[in-house]
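Trainee: Just one file: my_file-v6.cif, with mmCIF, C-alpha atoms.
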```
data_input
#
loop_
_atom_site.label_atom_id
_atom_site.label_comp_id
_atom_site.auth_asym_id
_atom_site.auth_seq_id
_atom_site.Cartn_x
_atom_site.Cartn_y
_atom_site.Cartn_z
CA MET A 86 156.30 -0.80 -22.09
CA THR A 87 152.77 0.25 -23.03
CA ASN A 88 153.86 3.77 -23.88
CA GLU A 89 156.47 2.36 -26.31
CA PHE A 90 153.85 0.14 -27.94
CA LYS A 91 151.57 3.17 -28.21
CA GLU A 92 154.28 5.06 -30.12
CA ILE A 93 154.72 2.07 -32.42
CA ILE A 94 151.00 1.91 -33.17
CA GLU A 95 150.84 5.66 -33.86
CA ALA A 96 153.83 5.45 -36.21
CA TYR A 97 152.45 2.36 -37.96
CA SER A 98 149.04 3.97 -38.45
CA ILE A 99 150.69 6.80 -40.41
CA ALA A 100 152.92 4.41 -42.38
CA LYS A 101 149.97 2.19 -43.26
CA GLN A 102 148.17 5.13 -44.85
CA GLN A 103 151.29 5.71 -46.94
CA GLY A 104 151.46 2.06 -47.98
CA LEU A 105 154.81 1.56 -46.25
CA PRO A 106 155.43 -2.11 -45.22
CA ALA A 107 156.67 -2.81 -41.69
CA VAL A 108 158.23 -5.58 -39.63
CA MET A 109 158.11 -5.99 -35.84
CA ALA A 110 161.03 -7.28 -33.79
CA THR A 111 160.15 -8.38 -30.23
CA VAL A 112 162.43 -9.67 -27.49
CA VAL A 113 160.58 -12.79 -26.31
CA ASP A 114 163.20 -14.32 -24.03
CA VAL A 115 166.57 -13.58 -22.45
CA GLU A 116 169.16 -15.87 -20.93
CA GLY A 117 171.52 -14.03 -18.63
CA SER A 118 171.88 -10.26 -18.38
CA SER A 119 170.57 -7.77 -20.93
CA TYR A 120 169.95 -4.04 -21.24
CA ARG A 121 166.20 -4.49 -21.83
CA ARG A 122 163.79 -7.21 -20.75
CA PRO A 123 161.41 -9.44 -22.76
CA GLY A 124 158.47 -7.57 -24.24
CA VAL A 125 160.32 -4.62 -25.74
CA GLY A 126 159.77 -4.13 -29.44
CA MET A 127 161.12 -2.33 -32.47
CA LEU A 128 159.08 -1.50 -35.56
CA ILE A 129 161.10 -1.43 -38.77
CA PHE A 130 159.89 0.13 -42.00
CA GLN A 131 160.97 -0.98 -45.44
CA ASN A 132 162.66 2.38 -45.99
CA GLY A 133 165.08 1.58 -43.17
CA LYS A 134 163.56 3.83 -40.51
CA ALA A 135 162.56 2.37 -37.16
CA VAL A 136 160.54 3.18 -34.05
CA GLY A 137 161.43 1.75 -30.64
CA ALA A 138 164.45 -0.31 -29.59
CA VAL A 139 165.31 -3.75 -28.27
CA SER A 140 168.53 -2.77 -26.51
CA GLY A 141 170.67 0.23 -25.73
CA GLY A 142 171.60 0.53 -29.41
CA CYS A 143 174.04 -2.34 -29.86
CA VAL A 144 171.62 -4.93 -31.28
CA GLU A 145 169.56 -2.75 -33.59
CA LYS A 146 171.88 -2.87 -36.62
CA GLU A 147 171.76 -6.66 -36.66
CA VAL A 148 167.97 -6.61 -36.27
CA LEU A 149 167.68 -4.26 -39.25
CA ARG A 150 169.86 -6.58 -41.30
CA GLN A 151 167.94 -9.72 -40.42
CA ALA A 152 164.59 -8.02 -40.94
CA GLN A 153 165.30 -7.77 -44.66
CA SER A 154 164.63 -11.47 -45.25
CA VAL A 155 161.28 -11.12 -43.48
CA PHE A 156 160.36 -8.26 -45.81
CA GLU A 157 161.36 -10.42 -48.77
CA THR A 158 159.64 -13.68 -47.80
CA GLY A 159 156.89 -12.55 -45.45
CA ASN A 160 157.88 -15.40 -43.11
CA PRO A 161 158.59 -14.81 -39.40
CA LYS A 162 161.98 -15.82 -38.05
CA MET A 163 163.82 -16.19 -34.77
CA MET A 164 166.99 -14.19 -34.31
CA THR A 165 169.43 -14.85 -31.48
CA TYR A 166 172.01 -12.35 -30.31
CA ASP A 167 174.78 -13.32 -27.91
CA GLY A 168 176.00 -10.19 -26.14
CA LYS A 169 178.83 -11.87 -24.26
CA TYR A 170 181.53 -10.44 -26.52
CA ARG A 171 179.65 -7.53 -28.06
CA LEU A 172 177.51 -6.00 -25.32
CA GLY A 173 179.32 -6.77 -22.13
CA CYS A 174 175.98 -7.91 -20.65
CA GLU A 175 176.73 -11.59 -21.20
CA GLY A 176 173.11 -12.19 -22.18
CA LEU A 177 171.54 -14.19 -24.99
CA LEU A 178 168.57 -12.45 -26.61
CA TYR A 179 165.81 -14.26 -28.51
CA ILE A 180 164.14 -11.83 -30.90
CA LEU A 181 161.05 -12.73 -32.92
CA ILE A 182 160.90 -10.85 -36.23
CA GLU A 183 157.59 -10.88 -38.09
CA ILE A 184 155.53 -8.94 -40.59
CA PHE A 185 153.51 -6.18 -38.93
CA ASN A 186 150.32 -5.69 -40.91
CA ILE A 187 147.51 -4.98 -38.45
CA SER A 188 144.09 -4.25 -39.94
CA ASN A 189 142.44 -0.86 -39.56
CA ASP A 190 139.94 -2.42 -37.14
CA GLY A 191 142.86 -3.78 -35.10
CA ILE A 192 144.55 -0.38 -34.96
CA LYS A 193 141.29 1.26 -33.94
CA GLY A 194 140.71 -1.35 -31.22
CA ILE A 195 144.18 -0.87 -29.74
CA GLN A 196 143.86 2.91 -29.79
CA GLN A 197 140.44 2.73 -28.11
CA HIS A 198 141.80 0.49 -25.36
CA LEU A 199 144.76 2.81 -24.82
CA LYS A 200 142.53 5.89 -24.67
CA SER A 201 140.00 4.22 -22.35
CA ARG A 202 142.83 2.85 -20.19
CA ILE A 203 141.62 -0.75 -20.58
CA PRO A 204 144.33 -3.46 -20.30
CA PHE A 205 144.85 -6.01 -23.06
CA ARG A 206 147.25 -8.87 -23.72
CA ILE A 207 149.82 -9.72 -26.38
CA GLU A 208 150.93 -13.33 -26.91
CA SER A 209 154.04 -14.11 -28.97
CA PHE A 210 154.44 -17.71 -30.16
CA TYR A 211 158.02 -18.68 -30.92
CA SER A 212 160.69 -21.34 -30.99
CA LYS A 213 164.26 -20.87 -29.76
CA GLU A 214 165.40 -22.62 -32.91
CA GLU A 215 167.14 -19.93 -34.95
CA GLY A 216 165.62 -19.13 -38.34
CA ARG A 217 162.15 -19.86 -39.67
CA VAL A 218 159.78 -22.11 -37.73
CA HIS A 219 156.21 -22.71 -38.87
CA GLY A 220 153.49 -21.11 -36.74
CA MET A 221 155.48 -18.34 -35.09
CA GLY A 222 153.83 -14.94 -34.63
CA SER A 223 152.09 -12.58 -32.21
CA VAL A 224 148.44 -12.14 -31.28
CA VAL A 225 146.64 -9.22 -29.61
CA GLN A 226 143.75 -10.20 -27.36
CA PHE A 227 141.20 -7.94 -25.69
CA GLU A 228 139.14 -8.77 -22.61
CA GLU A 229 136.05 -9.40 -24.69
CA GLN A 230 137.92 -12.25 -26.40
CA GLN A 231 138.37 -10.36 -29.68
CA LYS A 232 141.80 -11.23 -31.08
CA PHE A 233 143.90 -10.67 -34.17
CA SER A 234 147.44 -11.33 -35.35
CA PHE A 235 150.21 -8.79 -35.90
CA CYS A 236 150.02 -9.96 -39.50
CA ASP A 237 146.39 -9.65 -40.57
CA GLU A 238 146.88 -12.28 -43.26
CA VAL A 239 147.70 -14.99 -40.67
CA SER A 240 144.97 -16.82 -38.77
CA VAL A 241 145.21 -16.37 -35.01
CA PHE A 242 144.68 -20.10 -34.58
CA ASP A 243 147.67 -21.18 -36.71
CA HIS A 244 150.11 -20.46 -33.89
CA ARG A 245 148.34 -22.81 -31.48
CA LYS A 246 148.50 -25.78 -33.83
CA VAL A 247 152.25 -26.10 -33.36
CA ALA A 248 152.70 -27.77 -29.98
CA SER A 249 156.47 -27.26 -29.97
CA LEU A 250 156.16 -23.48 -29.76
CA MET A 251 156.68 -21.43 -26.61
CA CYS A 252 154.42 -18.50 -25.79
CA PHE A 253 155.53 -15.23 -24.23
CA GLN A 254 152.62 -13.33 -22.70
CA ARG A 255 152.63 -9.71 -21.63
CA GLU A 256 149.85 -7.70 -20.06
CA MET A 257 149.61 -4.25 -21.59
CA GLN A 258 148.53 -2.05 -18.72
CA PRO A 259 147.31 1.53 -19.28
CA CYS A 260 150.08 4.01 -20.04
CA PHE A 261 151.42 5.51 -16.84
CA ARG A 262 149.86 8.91 -16.23
CA LEU A 263 151.01 11.86 -14.14
CA ILE A 264 148.49 14.49 -13.09
CA ILE A 265 150.13 17.75 -12.05
CA ILE A 266 147.96 20.15 -10.07
CA GLY A 267 149.59 23.54 -10.43
CA ALA A 268 150.95 25.71 -13.22
CA GLU A 269 154.05 27.39 -11.86
CA HIS A 270 157.57 27.16 -13.32
CA ASP A 271 158.46 23.93 -11.51
CA ALA A 272 155.26 22.29 -12.79
CA THR A 273 156.47 23.02 -16.31
CA LYS A 274 159.79 21.29 -15.64
CA LEU A 275 158.12 18.27 -14.03
CA CYS A 276 155.75 18.02 -16.99
CA GLU A 277 158.59 18.14 -19.49
CA LEU A 278 160.74 15.50 -17.79
CA ALA A 279 157.80 13.18 -17.09
CA ALA A 280 156.78 13.35 -20.75
CA VAL A 281 160.34 12.50 -21.81
CA THR A 282 160.14 9.52 -19.43
CA GLY A 283 157.21 8.31 -21.53
CA TRP A 284 154.38 9.19 -19.17
CA GLU A 285 151.10 10.79 -20.22
CA VAL A 286 150.97 14.12 -18.42
CA GLU A 287 147.88 16.17 -17.64
CA VAL A 288 148.10 19.58 -15.98
CA ILE A 289 145.29 20.96 -13.82
CA CYS A 290 145.20 24.64 -12.94
CA SER A 291 142.87 27.45 -11.96
CA PRO A 292 140.36 28.68 -14.59
CA LYS A 293 141.80 32.14 -14.03
CA THR A 294 145.24 31.26 -15.34
CA SER A 295 146.21 32.64 -18.72
CA LYS A 296 148.63 29.82 -19.50
CA LYS A 297 148.18 27.59 -22.54
CA ILE A 298 149.00 23.95 -23.09
CA GLU A 299 151.94 24.93 -25.32
CA GLU A 300 153.67 26.22 -22.19
CA PHE A 301 153.78 22.69 -20.78
CA PRO A 302 156.04 20.64 -23.10
CA GLY A 303 154.76 17.11 -23.55
CA ALA A 304 151.40 17.59 -21.82
CA VAL A 305 148.45 15.80 -23.41
CA ALA A 306 145.89 18.02 -21.68
CA LEU A 307 145.59 21.29 -19.78
CA ILE A 308 142.48 21.24 -17.59
CA LYS A 309 141.33 24.51 -16.11
CA SER A 310 139.06 23.70 -13.19
CA THR A 311 138.23 24.83 -9.71
CA PRO A 312 138.57 22.21 -6.97
CA GLU A 313 134.78 22.16 -6.62
CA ASP A 314 134.26 21.27 -10.29
CA LEU A 315 137.23 18.95 -10.69
CA ASN A 316 136.39 15.66 -12.42
CA ILE A 317 139.32 13.45 -13.41
CA LYS A 318 138.39 10.44 -15.53
CA ASN A 319 139.83 6.93 -15.27
CA VAL A 320 142.04 7.41 -12.22
CA ASP A 321 143.66 4.02 -11.65
CA ARG A 322 146.77 2.37 -10.23
CA GLN A 323 148.67 3.60 -13.25
CA THR A 324 148.05 7.22 -12.20
CA ALA A 325 150.11 9.51 -9.95
CA VAL A 326 149.12 12.96 -8.70
CA VAL A 327 151.44 15.76 -7.56
CA LEU A 328 150.01 18.82 -5.79
CA MET A 329 152.18 21.85 -6.49
CA THR A 330 150.08 25.02 -6.57
CA HIS A 331 152.45 26.69 -4.05
CA ASN A 332 149.35 27.88 -2.20
CA PHE A 333 148.38 26.14 1.04
CA ALA A 334 144.66 26.84 0.72
CA LYS A 335 144.55 25.70 -2.92
CA ASP A 336 146.50 22.54 -2.17
CA LEU A 337 144.04 21.76 0.61
CA LEU A 338 141.03 22.30 -1.64
CA TYR A 339 142.47 20.19 -4.45
CA LEU A 340 143.42 17.46 -1.96
CA GLN A 341 139.81 17.44 -0.82
CA ALA A 342 138.71 17.26 -4.47
CA ILE A 343 140.65 14.03 -5.09
CA LYS A 344 139.79 12.31 -1.80
CA ASP A 345 137.59 9.73 -3.53
CA TYR A 346 140.26 8.72 -6.04
CA ILE A 347 142.76 5.94 -5.47
CA PRO A 348 145.82 6.63 -7.63
CA VAL A 349 149.12 4.90 -6.91
CA TYR A 350 150.85 8.02 -5.56
CA ILE A 351 149.99 11.49 -4.26
CA GLY A 352 152.89 13.89 -3.85
CA LEU A 353 152.96 17.09 -1.78
CA LEU A 354 155.59 19.80 -2.18
CA GLY A 355 157.13 21.61 0.75
CA PRO A 356 158.73 20.63 4.06
CA ALA A 357 157.41 18.03 6.49
CA ARG A 358 155.81 20.63 8.76
CA ARG A 359 153.73 21.92 5.81
CA ARG A 360 152.63 18.36 5.06
CA GLU A 361 151.56 17.80 8.67
CA LYS A 362 149.65 21.06 8.75
CA LEU A 363 147.97 20.27 5.43
CA LEU A 364 146.99 16.74 6.39
CA SER A 365 145.75 17.85 9.82
CA ALA A 366 143.46 20.41 8.19
CA PHE A 367 142.35 17.81 5.65
CA ILE A 368 141.48 15.23 8.33
CA GLU A 369 139.63 17.88 10.33
CA TYR A 370 137.31 18.40 7.35
CA PHE A 371 137.13 14.69 6.47
CA PRO A 372 137.66 12.60 9.62
CA ASP A 373 136.36 9.48 7.87
CA VAL A 374 139.01 9.50 5.15
CA THR A 375 140.34 5.99 4.60
CA ASP A 376 143.77 4.78 5.63
CA GLU A 377 144.19 3.54 2.05
CA PHE A 378 143.99 7.12 0.77
CA MET A 379 146.31 8.51 3.44
CA ASP A 380 148.91 5.84 2.68
CA LEU A 381 149.12 7.19 -0.88
CA VAL A 382 150.35 10.59 0.30
CA HIS A 383 154.09 11.26 0.03
CA GLY A 384 155.47 14.50 1.36
CA PRO A 385 157.83 16.10 0.88
CA ALA A 386 157.56 14.60 -2.61
CA GLY A 387 160.74 13.14 -4.06
CA LEU A 388 163.80 11.15 -3.06
CA ASN A 389 166.62 12.68 -1.06
CA LEU A 390 169.00 13.41 -3.94
CA GLY A 391 170.13 16.84 -2.80
CA ALA A 392 167.97 18.41 -5.51
CA GLU A 393 167.95 22.20 -5.67
CA THR A 394 166.85 23.42 -9.11
CA PRO A 395 163.34 22.83 -10.52
CA GLN A 396 164.80 20.30 -12.96
CA GLU A 397 166.57 18.41 -10.16
CA ILE A 398 163.46 18.46 -7.99
CA ALA A 399 161.47 17.05 -10.92
CA ILE A 400 164.01 14.22 -11.25
CA ALA A 401 163.72 13.46 -7.52
CA ILE A 402 159.91 13.33 -7.74
CA ILE A 403 159.94 11.10 -10.82
CA ALA A 404 162.48 8.82 -9.14
CA GLU A 405 160.27 8.42 -6.07
CA ILE A 406 157.20 7.68 -8.18
CA LEU A 407 159.17 5.02 -10.06
CA SER A 408 160.29 3.44 -6.79
CA VAL A 409 156.65 3.31 -5.62
CA ILE A 410 155.18 1.82 -8.77
CA ARG A 411 158.02 -0.71 -9.09
CA GLY A 412 157.84 -1.63 -5.41
CA GLN A 413 161.51 -0.81 -4.83
CA LYS A 414 163.43 0.62 -1.92
CA PRO A 415 165.92 2.98 -3.59
CA ILE A 416 169.54 2.00 -3.13
CA PRO A 417 172.65 2.33 -5.32
CA LEU A 418 172.71 -0.51 -7.86
CA SER A 419 176.23 -1.29 -6.68
CA GLU A 420 174.68 -2.39 -3.37
CA LYS A 421 171.92 -4.51 -4.92
CA LYS A 422 172.28 -8.26 -4.64
CA GLY A 423 171.28 -10.38 -7.61
CA ALA A 424 170.11 -9.26 -11.04
CA ILE A 425 169.47 -5.62 -11.90
CA HIS A 426 166.08 -6.51 -13.40
CA ASP A 427 163.71 -8.46 -11.17
CA ASP A 428 160.88 -9.54 -13.44
CA PRO A 429 158.30 -11.65 -11.54
CA LYS A 430 155.59 -10.82 -14.10
CA ARG A 431 157.48 -12.35 -16.97
CA LYS A 432 155.55 -15.20 -18.59
CA ASN A 433 157.02 -17.82 -20.90
CA ILE A 434 154.83 -20.88 -21.20
CA ASP A 435 154.40 -23.90 -23.41
CA VAL A 436 151.85 -23.26 -26.13
CA SER A 437 150.14 -26.59 -25.46
CA SER A 438 148.91 -25.27 -22.10
CA ILE A 439 146.98 -22.39 -23.68
CA LYS A 440 143.29 -22.89 -24.24
CA THR A 441 142.05 -22.28 -27.76
#
```
With the file now loaded, output its structure as structure tokens.
Mentor:
Amino acid sequence: MTNEFKEIIEAYSIAKQQGLPAVMATVVDVEGSSYRRPGVGMLIFQNGKAVGAVSGGCVEKEVLRQAQSVFETGNPKMMTYDGKYRLGCEGLLYILIEIFNISNDGIKGIQQHLKSRIPFRIESFYSKEEGRVHGMGSVVQFEEQQKFSFCDEVSVFDHRKVASLMCFQREMQPCFRLIIIGAEHDATKLCELAAVTGWEVEVICSPKTSKKIEEFPGAVALIKSTPEDLNIKNVDRQTAVVLMTHNFAKDLLYLQAIKDYIPVYIGLLGPARRREKLLSAFIEYFPDVTDEFMDLVHGPAGLNLGAETPQEIAIAIIAEILSVIRGQKPIPLSEKKGAIHDDPKRKNIDVSSIKT
């Protein structure tokens, strides 16, 4: 969800410079089944345009309608939406709608945290009572205890004074990042589809290549570096790497270059025998490589979807990365028991238990 919040902040920053008022709608709780889970948000501008979504498109018109009273009064409100007869999901959504008026310092702080890949937290205080309830609103909190409200004119402590409120907390982890090592045609397709997925994509290639970043749709950076000089910043558990130079020697050198990083996934192209040959050569050079690093390596990269074209192969790789970062064993949803969305990280707590 962090990438969606990033888009909202970028859009709001532009709108703020234009003096365009905005309202934020956030799903803070769900009873039953729904298309999206708590934490998703939708930024609505007074001119009727919006960024983000709280469902698959069925709920948004009602959110836009109810947001008008928030524009008029400035007061936050709780909106409920029962999808039993309208969505087919049979879920009841609780959507907090509030003025979105973050200060310039707040915008700068969020953008700095996103760029530096530092997690932060958002707390939304709400009541399930439909309509206006005093004290509702959302607060952004950084690790260094700096905090501010979505609406800069509201004190961050006002929410905590109302003991009857619930609080929905969500940890905003760094945006998921895909590092592609290679610049051939299939790297372009993987870059494009990963960017559409919402990932931040960086492409690493040889300094000798003549390609430009414009040839990699959606890429945020094109890094031309030899394996010996490679220096990737802020590699974390929200980072995946795919080696796809289509050159055995180059793949080996780049694999050696990233041996001290611990991303969440390392993908290798090619058949299993190429993987075994590559890893054998790698271990021969670095016999002390950790099991933790070796466990990150997936090859051949991708799920068994029968992929043939570069686009299909890219889908298979993205699907496998998703299964790894979500901790899922891929199966058809028709065979899954229980709810589609398993959300153990979801946090809804009583406001009285939060320390001020």
Trainee: Could you give me, as a PyMOL selection string, the residues within 10 Å of Ile317 of chain A, counting all atoms listed in the file and dropping anything in the same chain fewer than 4 positions from it?
Mentor: chain A and resi 264+287+289+308+342-343+346
Trainee: Go ahead and dump the residues you just picked, C-alpha atoms, as a PDB file, in the frame of the given file.
Mentor:
```pdb
ATOM      1  CA  ILE A 264     148.490  14.490 -13.090  1.00  0.00           C
ATOM      2  CA  GLU A 287     147.880  16.170 -17.640  1.00  0.00           C
ATOM      3  CA  ILE A 289     145.290  20.960 -13.820  1.00  0.00           C
ATOM      4  CA  ILE A 308     142.480  21.240 -17.590  1.00  0.00           C
ATOM      5  CA  ALA A 342     138.710  17.260  -4.470  1.00  0.00           C
ATOM      6  CA  ILE A 343     140.650  14.030  -5.090  1.00  0.00           C
ATOM      7  CA  TYR A 346     140.260   8.720  -6.040  1.00  0.00           C
TER       8      TYR A 346
END
```
Trainee: Of the residues A:Asp271, A:Glu215, A:Glu95, A:Glu89, which is the one nearest to Val327 of chain A, using all atoms listed in the file?
Mentor: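 Selected residue with least distance to Val327 of chain A: A:Asp271.
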Trainee: Within 7 Å of segment 393-403 of chain A, counting only C-alpha atoms, which residues show up once you throw out same-chain ones fewer than 4 positions away? Write them as a VMD selection string, please.
Mentor: chain A and resid 271 274 to 275 279 386 to 388 407
Trainee: Choose the residue, out of A:Ser209, A:Asn332, A:Thr158, A:Ser98, that has the smallest atom-to-atom separation from Gln226 of chain A; count only C-alpha atoms.
Mentor: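 Under the stated criterion, the closest residue is A:Ser209.
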Trainee: I need the residue nearest Ala138 of chain A from this list: A:Phe233, A:Phe185, A:Phe90, A:Phe156. Use all atoms listed in the file for the distance.
Mentor: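 Residue with the minimum atom-to-atom distance to Ala138 of chain A: A:Phe90.
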Trainee: Please enumerate the residues selected by the PyMOL selection byres ((chain A and resi 311) around 8) when evaluated against the supplied file, formatted as a PDB file with C-alpha atoms, in the coordinates of the input.
Mentor:
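This is the output file out.pdb:
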```pdb
ATOM      1  CA  CYS A 290     145.200  24.640 -12.940  1.00  0.00           C
ATOM      2  CA  SER A 291     142.870  27.450 -11.960  1.00  0.00           C
ATOM      3  CA  PRO A 292     140.360  28.680 -14.590  1.00  0.00           C
ATOM      4  CA  LYS A 309     141.330  24.510 -16.110  1.00  0.00           C
ATOM      5  CA  SER A 310     139.060  23.700 -13.190  1.00  0.00           C
ATOM      6  CA  PRO A 312     138.570  22.210  -6.970  1.00  0.00           C
ATOM      7  CA  GLU A 313     134.780  22.160  -6.620  1.00  0.00           C
ATOM      8  CA  ASP A 314     134.260  21.270 -10.290  1.00  0.00           C
ATOM      9  CA  LEU A 315     137.230  18.950 -10.690  1.00  0.00           C
TER      10      LEU A 315
END
```
Trainee: So the first atom is atom CA of Leu181 of chain A and the second is atom CA of Met109 of chain A; what is the distance between them in Å, to one decimal place?
Mentor: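 Between atom CA of Leu181 of chain A and atom CA of Met109 of chain A the gap is 7.9 Å.
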Trainee: Run the PyMOL selection byres ((chain A and resi 227) around 9) mentally over the shown coordinates, then write out the matched residues as a list in words, using the chain letters and numbers from the document.
Mentor: Gly194, Ile195, His198, Ile203, Pro204, Phe205, Arg206, Ile207, Val225, Gln226, Glu228, Glu229, Gln230, Gln231 and Lys232 of chain A
Trainee: What is the distance, in Å and to one decimal place, between atom CA of Gly222 of chain A and atom CA of Pro161 of chain A?
Mentor: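 Distance reported for this atom pair: 6.7 Å.
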Trainee: Of the candidates A:Ala268, A:Val218, A:Val115, A:Val148, which one gets nearest to Thr330 of chain A if we count all atoms listed in the file?
Mentor: A:Ala268
Trainee: How far is it from atom CA of Lys335 of chain A to atom CA of Pro348 of chain A, in Å with one decimal?
Mentor: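 So the two atoms, atom CA of Lys335 of chain A and atom CA of Pro348 of chain A, lie 19.7 Å apart.
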Trainee: Name the residues in contact with Ser140 of chain A at a cut-off of 12 Å, using only C-alpha atoms, excluding same-chain residues fewer than 3 positions from it; report them as a VMD selection string.
Mentor: chain A and resid 110 to 112 115 118 to 127 137 143 to 148 166 168 172 174 176 to 180
Trainee: Can you spell out as a ChimeraX atom specification the set of residues that the PyMOL selection byres ((chain A and resi 349) around 12) selects in the structure I just provided?
Mentor: /A:261-264,320-327,346-348,350-352,377-383,405-412
Trainee: What lies within 9 Å of segment 355-364 of chain A using only C-alpha atoms, ignoring chain neighbours under 2 positions off, as number ranges by chain?
Mentor: A: 329, 331, 333-334, 336-337, 353, 366-369, 379, 383-386
Trainee: I'd like the neighbourhood of Gln131 of chain A as a ChimeraX atom specification, where a residue qualifies if any of its atoms comes within 7 Å (using all atoms listed in the file), though same-chain residues fewer than 4 positions away should be ignored.
Mentor: /A:105-107
Trainee: Looking at all atoms listed in the file, which of A:Asp345, A:Asp114, A:Glu183, A:Glu157 is the one that sits closest to Ile129 of chain A?
Mentor: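 The closest residue to Ile129 of chain A is A:Glu183.
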